[in-house]
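Engineer: Have a peek at my_file.cif (mmCIF, C-alpha atoms).
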data_query
loop_
_atom_site.label_atom_id
_atom_site.label_comp_id
_atom_site.auth_asym_id
_atom_site.auth_seq_id
_atom_site.Cartn_x
_atom_site.Cartn_y
_atom_site.Cartn_z
CA ARG A 1 -5.95 -3.05 19.74
CA ARG A 2 -7.14 -5.85 21.95
CA GLY A 3 -10.02 -8.24 21.43
CA GLY A 4 -10.04 -8.70 17.65
CA GLY A 5 -8.86 -5.23 16.67
CA GLY A 6 -7.25 -6.60 13.53
CA VAL A 7 -10.55 -8.08 12.42
CA ALA A 8 -12.34 -4.80 13.12
CA ARG A 9 -9.79 -2.88 11.09
CA ALA A 10 -10.04 -5.40 8.25
CA ARG A 11 -13.80 -4.91 8.14
CA LEU A 12 -13.28 -1.19 7.82
CA LEU A 13 -11.07 -1.84 4.82
CA CYS A 14 -13.67 -3.90 2.94
CA TRP A 15 -15.26 -0.72 1.75
CA ARG A 16 -16.28 -1.97 -1.66
CA GLY A 17 -17.12 -5.53 -0.66
CA ALA A 18 -15.21 -8.66 -1.62
CA THR A 19 -14.43 -8.87 -5.30
CA THR A 20 -16.62 -10.97 -7.57
CA ARG A 21 -14.62 -10.36 -10.75
CA ARG A 22 -12.71 -13.43 -11.91
CA PRO A 23 -8.99 -12.89 -12.46
CA TYR A 24 -7.29 -13.61 -15.75
CA LEU A 25 -4.66 -15.59 -13.84
CA ALA A 26 -5.27 -16.81 -10.29
CA GLU A 27 -3.19 -18.18 -7.44
CA LEU A 28 0.15 -17.75 -9.20
CA ALA A 29 2.91 -18.78 -6.80
CA TYR A 30 5.61 -16.13 -6.71
CA VAL A 31 7.55 -18.20 -4.15
CA SER A 32 6.79 -21.53 -2.54
CA GLY A 33 4.69 -20.67 0.52
CA ALA A 34 0.92 -21.19 0.71
CA ARG A 35 0.23 -17.46 1.25
CA GLN A 36 2.70 -16.34 -1.40
CA VAL A 37 0.37 -16.24 -4.40
CA LEU A 38 -1.10 -13.50 -6.55
CA ASP A 39 -3.92 -12.82 -9.02
CA ILE A 40 -3.79 -10.81 -12.24
CA TYR A 41 -6.78 -8.94 -13.69
CA LEU A 42 -6.53 -7.67 -17.25
CA PRO A 43 -8.59 -4.89 -18.83
CA GLN A 44 -10.35 -5.15 -22.16
CA GLY A 45 -8.15 -4.85 -25.21
CA THR A 46 -4.83 -6.15 -26.41
CA GLY A 47 -1.73 -6.03 -24.23
CA PRO A 48 0.86 -5.75 -23.08
CA PHE A 49 -0.87 -3.63 -20.46
CA PRO A 50 0.51 -1.25 -17.87
CA PHE A 51 -0.33 -2.48 -14.39
CA VAL A 52 -0.67 -1.53 -10.75
CA ILE A 53 0.28 -3.84 -7.89
CA ASP A 54 -2.62 -3.47 -5.43
CA ILE A 55 -1.62 -4.56 -1.88
CA HIS A 56 -4.39 -5.33 0.60
CA GLY A 57 -4.64 -4.04 4.14
CA GLY A 58 -5.78 -5.72 7.33
CA ALA A 59 -3.50 -4.53 10.16
CA PHE A 60 -0.75 -6.86 8.87
CA LYS A 61 -2.45 -9.81 10.53
CA THR A 62 -5.59 -10.45 8.51
CA GLY A 63 -7.04 -9.89 5.04
CA SER A 64 -6.37 -11.31 1.60
CA LYS A 65 -6.25 -10.25 -2.04
CA PRO A 66 -10.00 -10.59 -2.80
CA MET A 67 -11.12 -8.76 0.35
CA SER A 68 -12.27 -5.70 -1.59
CA ALA A 69 -13.57 -5.21 -5.10
CA VAL A 70 -11.06 -4.72 -7.89
CA SER A 71 -11.09 -1.12 -9.08
CA GLU A 72 -13.25 -1.01 -12.19
CA GLU A 73 -12.05 2.56 -12.75
CA VAL A 74 -8.46 1.38 -13.06
CA LEU A 75 -9.38 -1.48 -15.41
CA ALA A 76 -11.53 0.83 -17.52
CA ALA A 77 -8.47 3.06 -17.98
CA GLY A 78 -6.69 0.14 -19.64
CA ILE A 79 -4.53 -0.67 -16.62
CA ALA A 80 -4.18 -4.22 -15.31
CA VAL A 81 -4.33 -5.02 -11.59
CA VAL A 82 -2.00 -7.43 -9.77
CA ARG A 83 -3.05 -8.46 -6.26
CA PRO A 84 -0.64 -10.42 -4.05
CA ASN A 85 -1.19 -12.15 -0.76
CA TYR A 86 1.63 -12.03 1.76
CA ARG A 87 2.48 -13.74 5.02
CA LEU A 88 0.63 -12.33 8.03
CA SER A 89 2.03 -11.32 11.39
CA GLY A 90 0.27 -14.12 13.25
CA THR A 91 2.70 -16.59 11.69
CA ASP A 92 5.63 -14.49 10.45
CA LEU A 93 7.19 -11.33 11.85
CA TRP A 94 8.50 -8.39 9.86
CA PRO A 95 10.28 -8.26 7.42
CA ALA A 96 8.40 -11.27 5.97
CA GLN A 97 5.57 -9.08 4.68
CA GLY A 98 7.92 -6.64 2.98
CA GLU A 99 9.96 -9.48 1.52
CA ASP A 100 6.82 -11.06 0.08
CA CYS A 101 5.53 -7.90 -1.58
CA LEU A 102 8.95 -7.24 -3.09
CA ALA A 103 9.21 -10.87 -4.25
CA ALA A 104 5.76 -10.58 -5.85
CA ALA A 105 6.83 -7.44 -7.70
CA ARG A 106 10.05 -9.08 -8.91
CA PHE A 107 8.10 -12.15 -10.07
CA VAL A 108 5.64 -10.10 -12.10
CA LEU A 109 8.37 -7.93 -13.61
CA ALA A 110 10.40 -10.99 -14.60
CA GLY A 111 7.42 -12.74 -16.22
CA ALA A 112 5.53 -9.69 -17.43
CA GLU A 113 5.54 -10.58 -21.12
CA GLY A 114 3.96 -13.96 -20.48
CA PHE A 115 1.29 -12.39 -18.29
CA GLY A 116 0.28 -9.81 -20.89
CA LEU A 117 1.92 -6.99 -18.91
CA ASP A 118 4.49 -4.30 -19.68
CA ALA A 119 7.31 -4.32 -17.12
CA GLY A 120 8.24 -0.77 -18.06
CA ARG A 121 4.88 0.69 -17.02
CA PHE A 122 3.81 -0.18 -13.49
CA ALA A 123 2.76 1.42 -10.24
CA VAL A 124 2.28 0.25 -6.64
CA TRP A 125 -0.84 0.97 -4.57
CA GLY A 126 -1.96 0.06 -1.06
CA GLN A 127 -4.54 0.95 1.58
CA SER A 128 -3.85 1.16 5.33
CA ALA A 129 -1.33 -1.59 6.14
CA GLY A 130 -1.20 -2.15 2.40
CA GLY A 131 -0.14 1.48 2.01
CA PHE A 132 2.80 0.87 4.32
CA LEU A 133 3.74 -2.17 2.23
CA ALA A 134 3.21 -0.40 -1.10
CA VAL A 135 5.50 2.50 -0.19
CA SER A 136 8.03 0.09 1.33
CA THR A 137 8.02 -1.99 -1.86
CA ALA A 138 8.39 1.11 -4.01
CA LEU A 139 11.41 2.26 -2.00
CA SER A 140 13.04 -1.17 -2.32
CA LEU A 141 12.46 -1.11 -6.08
CA VAL A 142 13.97 2.39 -6.26
CA GLU A 143 17.03 1.07 -4.44
CA GLU A 144 17.24 -1.82 -6.93
CA GLY A 145 17.19 0.57 -9.87
CA ARG A 146 13.77 -0.40 -11.25
CA PRO A 147 11.41 2.13 -9.70
CA PRO A 148 7.67 2.11 -10.31
CA ARG A 149 6.26 4.91 -12.44
CA ALA A 150 3.97 5.95 -9.57
CA VAL A 151 3.14 5.13 -5.94
CA VAL A 152 -0.34 5.38 -4.40
CA ASP A 153 -0.97 5.33 -0.65
CA PHE A 154 -4.39 5.51 0.99
CA TYR A 155 -4.29 6.25 4.76
CA GLY A 156 -1.30 4.05 5.57
CA PRO A 157 0.77 4.12 8.76
CA MET A 158 4.20 5.47 7.85
CA ASP A 159 6.11 5.88 11.12
CA PHE A 160 5.13 3.49 13.90
CA SER A 161 7.18 5.41 16.44
CA THR A 162 5.00 8.54 16.22
CA MET A 163 1.54 7.06 15.72
CA ASP A 164 0.40 7.62 19.31
CA ALA A 165 1.89 11.10 19.49
CA ASP A 166 0.28 12.05 16.19
CA MET A 167 -3.14 10.95 17.35
CA ALA A 168 -2.71 12.69 20.72
CA ALA A 169 -1.71 15.93 18.98
CA LEU A 170 -5.08 15.86 17.23
CA GLY A 171 -6.81 15.46 20.59
CA ARG A 172 -7.97 11.94 19.83
CA THR A 173 -7.56 8.42 21.13
CA ALA A 174 -7.08 5.75 18.47
CA GLN A 175 -10.16 3.58 18.14
CA MET A 176 -8.13 0.37 18.39
CA GLY A 177 -5.91 1.54 21.24
CA GLN A 178 -2.30 2.64 21.48
CA THR A 179 0.38 1.58 19.00
CA ASP A 180 3.13 1.62 21.63
CA VAL A 181 1.77 -1.35 23.58
CA ALA A 182 2.75 -4.96 22.97
CA GLU A 183 -0.79 -5.92 21.88
CA SER A 184 -0.96 -3.46 18.99
CA ALA A 185 -0.97 -4.65 15.39
CA GLU A 186 2.30 -2.82 14.74
CA SER A 187 4.01 -4.32 17.80
CA GLN A 188 2.78 -7.78 16.84
CA LEU A 189 4.19 -7.23 13.37
CA LEU A 190 7.62 -6.29 14.71
CA GLY A 191 7.78 -8.78 17.57
CA PHE A 192 8.34 -6.14 20.26
CA ALA A 193 6.42 -3.28 21.81
CA VAL A 194 6.87 -0.20 19.65
CA GLY A 195 7.17 1.95 22.78
CA ASN A 196 10.15 -0.11 23.97
CA ASP A 197 12.29 0.53 20.87
CA ARG A 198 11.13 3.55 18.92
CA ALA A 199 14.34 3.84 16.92
CA THR A 200 13.98 0.37 15.41
CA ALA A 201 10.23 0.80 14.92
CA LYS A 202 10.88 4.00 12.99
CA ALA A 203 13.75 2.60 10.93
CA VAL A 204 11.68 -0.19 9.35
CA GLY A 205 8.98 2.16 8.05
CA PRO A 206 8.86 4.39 4.99
CA VAL A 207 9.52 7.64 6.86
CA GLY A 208 12.55 6.21 8.64
CA ARG A 209 13.90 4.76 5.41
CA LEU A 210 13.42 8.04 3.58
CA GLU A 211 15.12 10.01 6.34
CA ALA A 212 18.14 7.71 6.02
CA MET A 213 18.17 7.91 2.21
CA ALA A 214 20.55 10.12 0.26
CA PRO A 215 19.00 12.53 -2.26
CA ARG A 216 17.85 10.72 -5.39
CA ALA A 217 15.08 10.68 -7.94
CA LEU A 218 11.76 9.32 -6.66
CA PRO A 219 8.60 8.49 -8.61
CA PRO A 220 5.41 10.53 -8.34
CA ILE A 221 3.38 9.74 -5.23
CA PHE A 222 -0.38 10.10 -4.76
CA VAL A 223 -1.57 10.16 -1.14
CA ARG A 224 -5.07 10.44 0.33
CA HIS A 225 -6.09 10.34 4.00
CA GLY A 226 -9.23 11.19 5.91
CA ASP A 227 -8.94 14.04 8.39
CA ALA A 228 -11.32 12.17 10.72
CA ASP A 229 -9.52 8.81 10.51
CA PRO A 230 -10.11 7.07 13.88
CA LEU A 231 -7.28 4.56 13.45
CA ILE A 232 -4.33 6.33 11.84
CA ALA A 233 -3.77 10.08 12.19
CA HIS A 234 -3.54 11.93 8.91
CA THR A 235 -0.27 13.33 10.24
CA GLN A 236 1.26 10.01 9.21
CA SER A 237 0.61 10.86 5.56
CA GLU A 238 1.94 14.38 6.10
CA ARG A 239 5.16 12.88 7.45
CA LEU A 240 5.42 10.67 4.38
CA VAL A 241 5.02 13.42 1.80
CA ALA A 242 7.44 15.69 3.68
CA ALA A 243 10.08 12.94 3.79
CA TRP A 244 9.47 12.12 0.11
CA SER A 245 10.04 15.73 -0.87
CA ARG A 246 13.20 15.98 1.24
CA VAL A 247 14.77 13.11 -0.69
CA ASP A 248 13.61 14.47 -4.05
CA PRO A 249 12.36 18.07 -4.01
CA ALA A 250 11.46 17.71 -7.69
CA ALA A 251 9.27 14.65 -7.20
CA ARG A 252 5.60 15.03 -8.04
CA VAL A 253 3.53 14.83 -4.85
CA GLU A 254 -0.27 14.71 -4.97
CA PHE A 255 -1.58 14.90 -1.39
CA ALA A 256 -5.03 15.80 -0.11
CA LEU A 257 -7.10 15.22 3.00
CA GLY A 258 -10.68 14.03 2.81
CA ALA A 259 -12.82 16.38 4.90
CA GLY A 260 -14.69 14.31 7.47
CA ALA A 261 -13.45 11.04 5.96
CA GLY A 262 -12.58 8.11 8.18
CA HIS A 263 -10.46 5.02 7.63
CA GLY A 264 -11.56 3.75 4.24
CA GLY A 265 -15.25 3.50 3.58
CA GLY A 266 -17.32 5.10 0.87
CA ASP A 267 -15.47 8.41 1.18
CA PHE A 268 -12.65 6.85 -0.81
CA ASP A 269 -14.81 5.15 -3.43
CA THR A 270 -15.83 8.42 -5.02
CA GLU A 271 -14.95 10.36 -8.14
CA VAL A 272 -13.28 12.97 -5.89
CA VAL A 273 -10.65 10.40 -4.90
CA MET A 274 -10.66 7.80 -7.66
CA GLY A 275 -10.85 10.29 -10.54
CA PRO A 276 -7.56 12.06 -9.74
CA MET A 277 -5.88 8.76 -8.82
CA VAL A 278 -6.80 7.12 -12.13
CA ALA A 279 -5.74 10.29 -13.94
CA VAL A 280 -2.28 10.10 -12.34
CA LEU A 281 -1.99 6.41 -13.23
CA ALA A 282 -3.15 7.03 -16.80
CA GLU A 283 -0.60 9.82 -17.16
CA THR A 284 2.34 7.96 -15.65
CA LEU A 285 1.39 4.58 -17.19
CA PRO A 286 0.28 5.71 -20.64
CA VAL A 287 -1.92 3.17 -22.38
CA GLU A 288 -0.88 2.36 -25.95
CA ARG A 289 -4.00 2.43 -28.09
#
Can the structure in the file be given as structure tokens, please?

Structural biologist:
Amino acid sequence: RRGGGGVARARLLCWRGATTRRPYLAELAYVSGARQVLDIYLPQGTGPFPFVIDIHGGAFKTGSKPMSAVSEEVLAAGIAVVRPNYRLSGTDLWPAQGEDCLAAARFVLAGAEGFGLDAGRFAVWGQSAGGFLAVSTALSLVEEGRPPRAVVDFYGPMDFSTMDADMAALGRTAQMGQTDVAESAESQLLGFAVGNDRATAKAVGPVGRLEAMAPRALPPIFVRHGDADPLIAHTQSERLVAAWSRVDPAARVEFALGAGAGHGGGDFDTEVVMGPMVAVLAETLPVER
């Protein structure tokens, strides 16, 4: 991932174009840093509204909350959208990004009533690097005893230690280069080459955390990944759903591969993907009408 790979990946993630919708509340500071702010978008109607925390991607080192359009499908279902920024790997190493997303969730839950939100009805959603952060945040909230009602992951990396092997097993070479090398986005996030310490690289991610977790109840999880993804092998999502089900065999798991779909793009902005996702959110975050 040399020569601006993070920027290239971020462009791939802007699959609906930067948002032009104005938030109900903007630039709310959830802690004191310049990047540690969030926006809240409310649907039509009278709250308090259920909500989804929508975490942006960008290879952990680029991107921001308005980088893609807010889901009109989610808002039309009566579900609010919360979009946080978080510190990027160019200035802060892991676990800063995970700490920020968890702090943003805690902030919104604590002030939900004043924001027109219902703290008892929320989900977490992310795409690519945002998927890693969404699942990580959900697991932390589960451990704190206030789990989300649902988790949504689109094509996120879930186990840094196996990303190269997973891509090689599919007979492909990752478009942005190997994860194991020091220049990769994942290595730059962690502060060391993934290939030099696979155990630690695995332990920080969702799959490693799940494998170390005792059996317990987990929320429903909705996962989509393209089977032609040139950046992150769909095997990463398969590892996630398998680990999720090991911890809680009774957990609802909705997993499907997009035939011929890549990393983001218009393949994910379709009724085939968004329809079932919104249906899961509407079911798990019932709107009071």

Engineer: May I have the protein, DNA and RNA residues with any atom at most 9 Å from the point (2.6, 8.0, -12.0), counting only C-alpha atoms, written as a PyMOL selection string?

Structural biologist: chain A and resi 122-123+148-152+219-222+252+279-285

Engineer: Exactly which residues make up the result of the PyMOL selection byres ((chain A and resi 27-42) around 10) on this file, given as a ChimeraX atom specification?

Structural biologist: /A:21-26,43-53,64-66,70,75-76,78-88,97,100-101,103-108,115-117

Engineer: Step by step, gather every atom of stretch 69-80 of chain A that the file lists, find the box along x, y and z that holds them, add 4 Å on each side, and finally give centre and edge lengths in Å to one decimal, as JSON.

Structural biologist:
{"center_x": -8.9, "center_y": -1.1, "center_z": -12.4, "size_x": 17.4, "size_y": 16.3, "size_z": 22.5}

Engineer: Return the single residue from A:Gly98, A:Gly58, A:Gly208, A:Pro147 that is closest to A:Arg121, with distances computed using all atoms listed in the file.

Structural biologist: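 Distance minimum relative to A:Arg121 lands on A:Pro147.
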
Engineer: Take atom CA of A:His225 and atom CA of A:Met277 and report the distance between them in Å, one decimal.

Structural biologist: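 That distance, rounded to one decimal, is 12.9 Å.
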
Engineer: Evaluated on this file, the PyMOL selection byres ((chain A and resi 202) around 12) picks out some residues - which ones are they, written as a PyMOL selection string?

Structural biologist: chain A and resi 157-163+180+186-187+190+194-201+203-212+236+239

Engineer: So how far away is atom CA of A:Gly258 from atom CA of A:Thr235, in Å?

Structural biologist: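 These atoms are spaced 12.8 Å apart.
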
Engineer: Can you work out which one of A:Ala256, A:Ala110, A:Ala77, A:Ala193 has the shortest atom-to-atom distance to A:Phe268, counting all atoms listed in the file?

Structural biologist: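 With all atoms listed in the file as the atom set, the closest residue is A:Ala256.
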
Engineer: Counting all atoms listed in the file, which residue out of A:Asp118, A:Glu238, A:Glu183, A:Glu113 sits closest to A:Glu254?

Structural biologist: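 That would be A:Glu238, the residue with the smallest distance to A:Glu254.
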
Engineer: In Å, with one decimal, what is the gap from atom CA of A:Val223 to atom CA of A:Ser184?

Structural biologist: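 Going from atom CA of A:Val223 over to atom CA of A:Ser184 covers 24.3 Å.
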
Engineer: So which one's closest to A:His234, A:Ala182, A:Ala168, A:Leu93, A:Ala214? Using all atoms listed in the file, please.

Structural biologist: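 Among the listed residues, the smallest separation from A:His234 belongs to A:Ala168.
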
Engineer: Would you be able to write out as a ChimeraX atom specification which residues have an atom within 12 Å of (19.1, 1.6, -6.1) in the file's coordinates, counting all atoms listed in the file?

Structural biologist: /A:138-147,213-218

Engineer: Which one is closest to A:Ser89: A:Gly191, A:Gly171, A:Gly265, A:Gly156? Count all atoms listed in the file.

Structural biologist: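 Checking each candidate against A:Ser89, we get A:Gly191 as the closest.
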
Engineer: Restrict the calculation to all atoms listed in the file, then for each residue of stretch 18-111 of chain A with any atom at most 12 Å from an atom of stretch 269-273 of chain A give the closest atom pair and their distance in Å to one decimal, rows by chain and rising residue number, as a Markdown table.

Structural biologist:
| residue | atom | partner | partner_atom | distance |
| --- | --- | --- | --- | --- |
| A:Ser68 | CA | A:Asp269 | CA | 11.3 |
| A:Ala69 | CA | A:Asp269 | CA | 10.6 |
| A:Val70 | CA | A:Asp269 | CA | 11.5 |
| A:Ser71 | CA | A:Asp269 | CA | 9.2 |
| A:Glu72 | CA | A:Asp269 | CA | 10.8 |
| A:Glu73 | CA | A:Glu271 | CA | 9.5 |
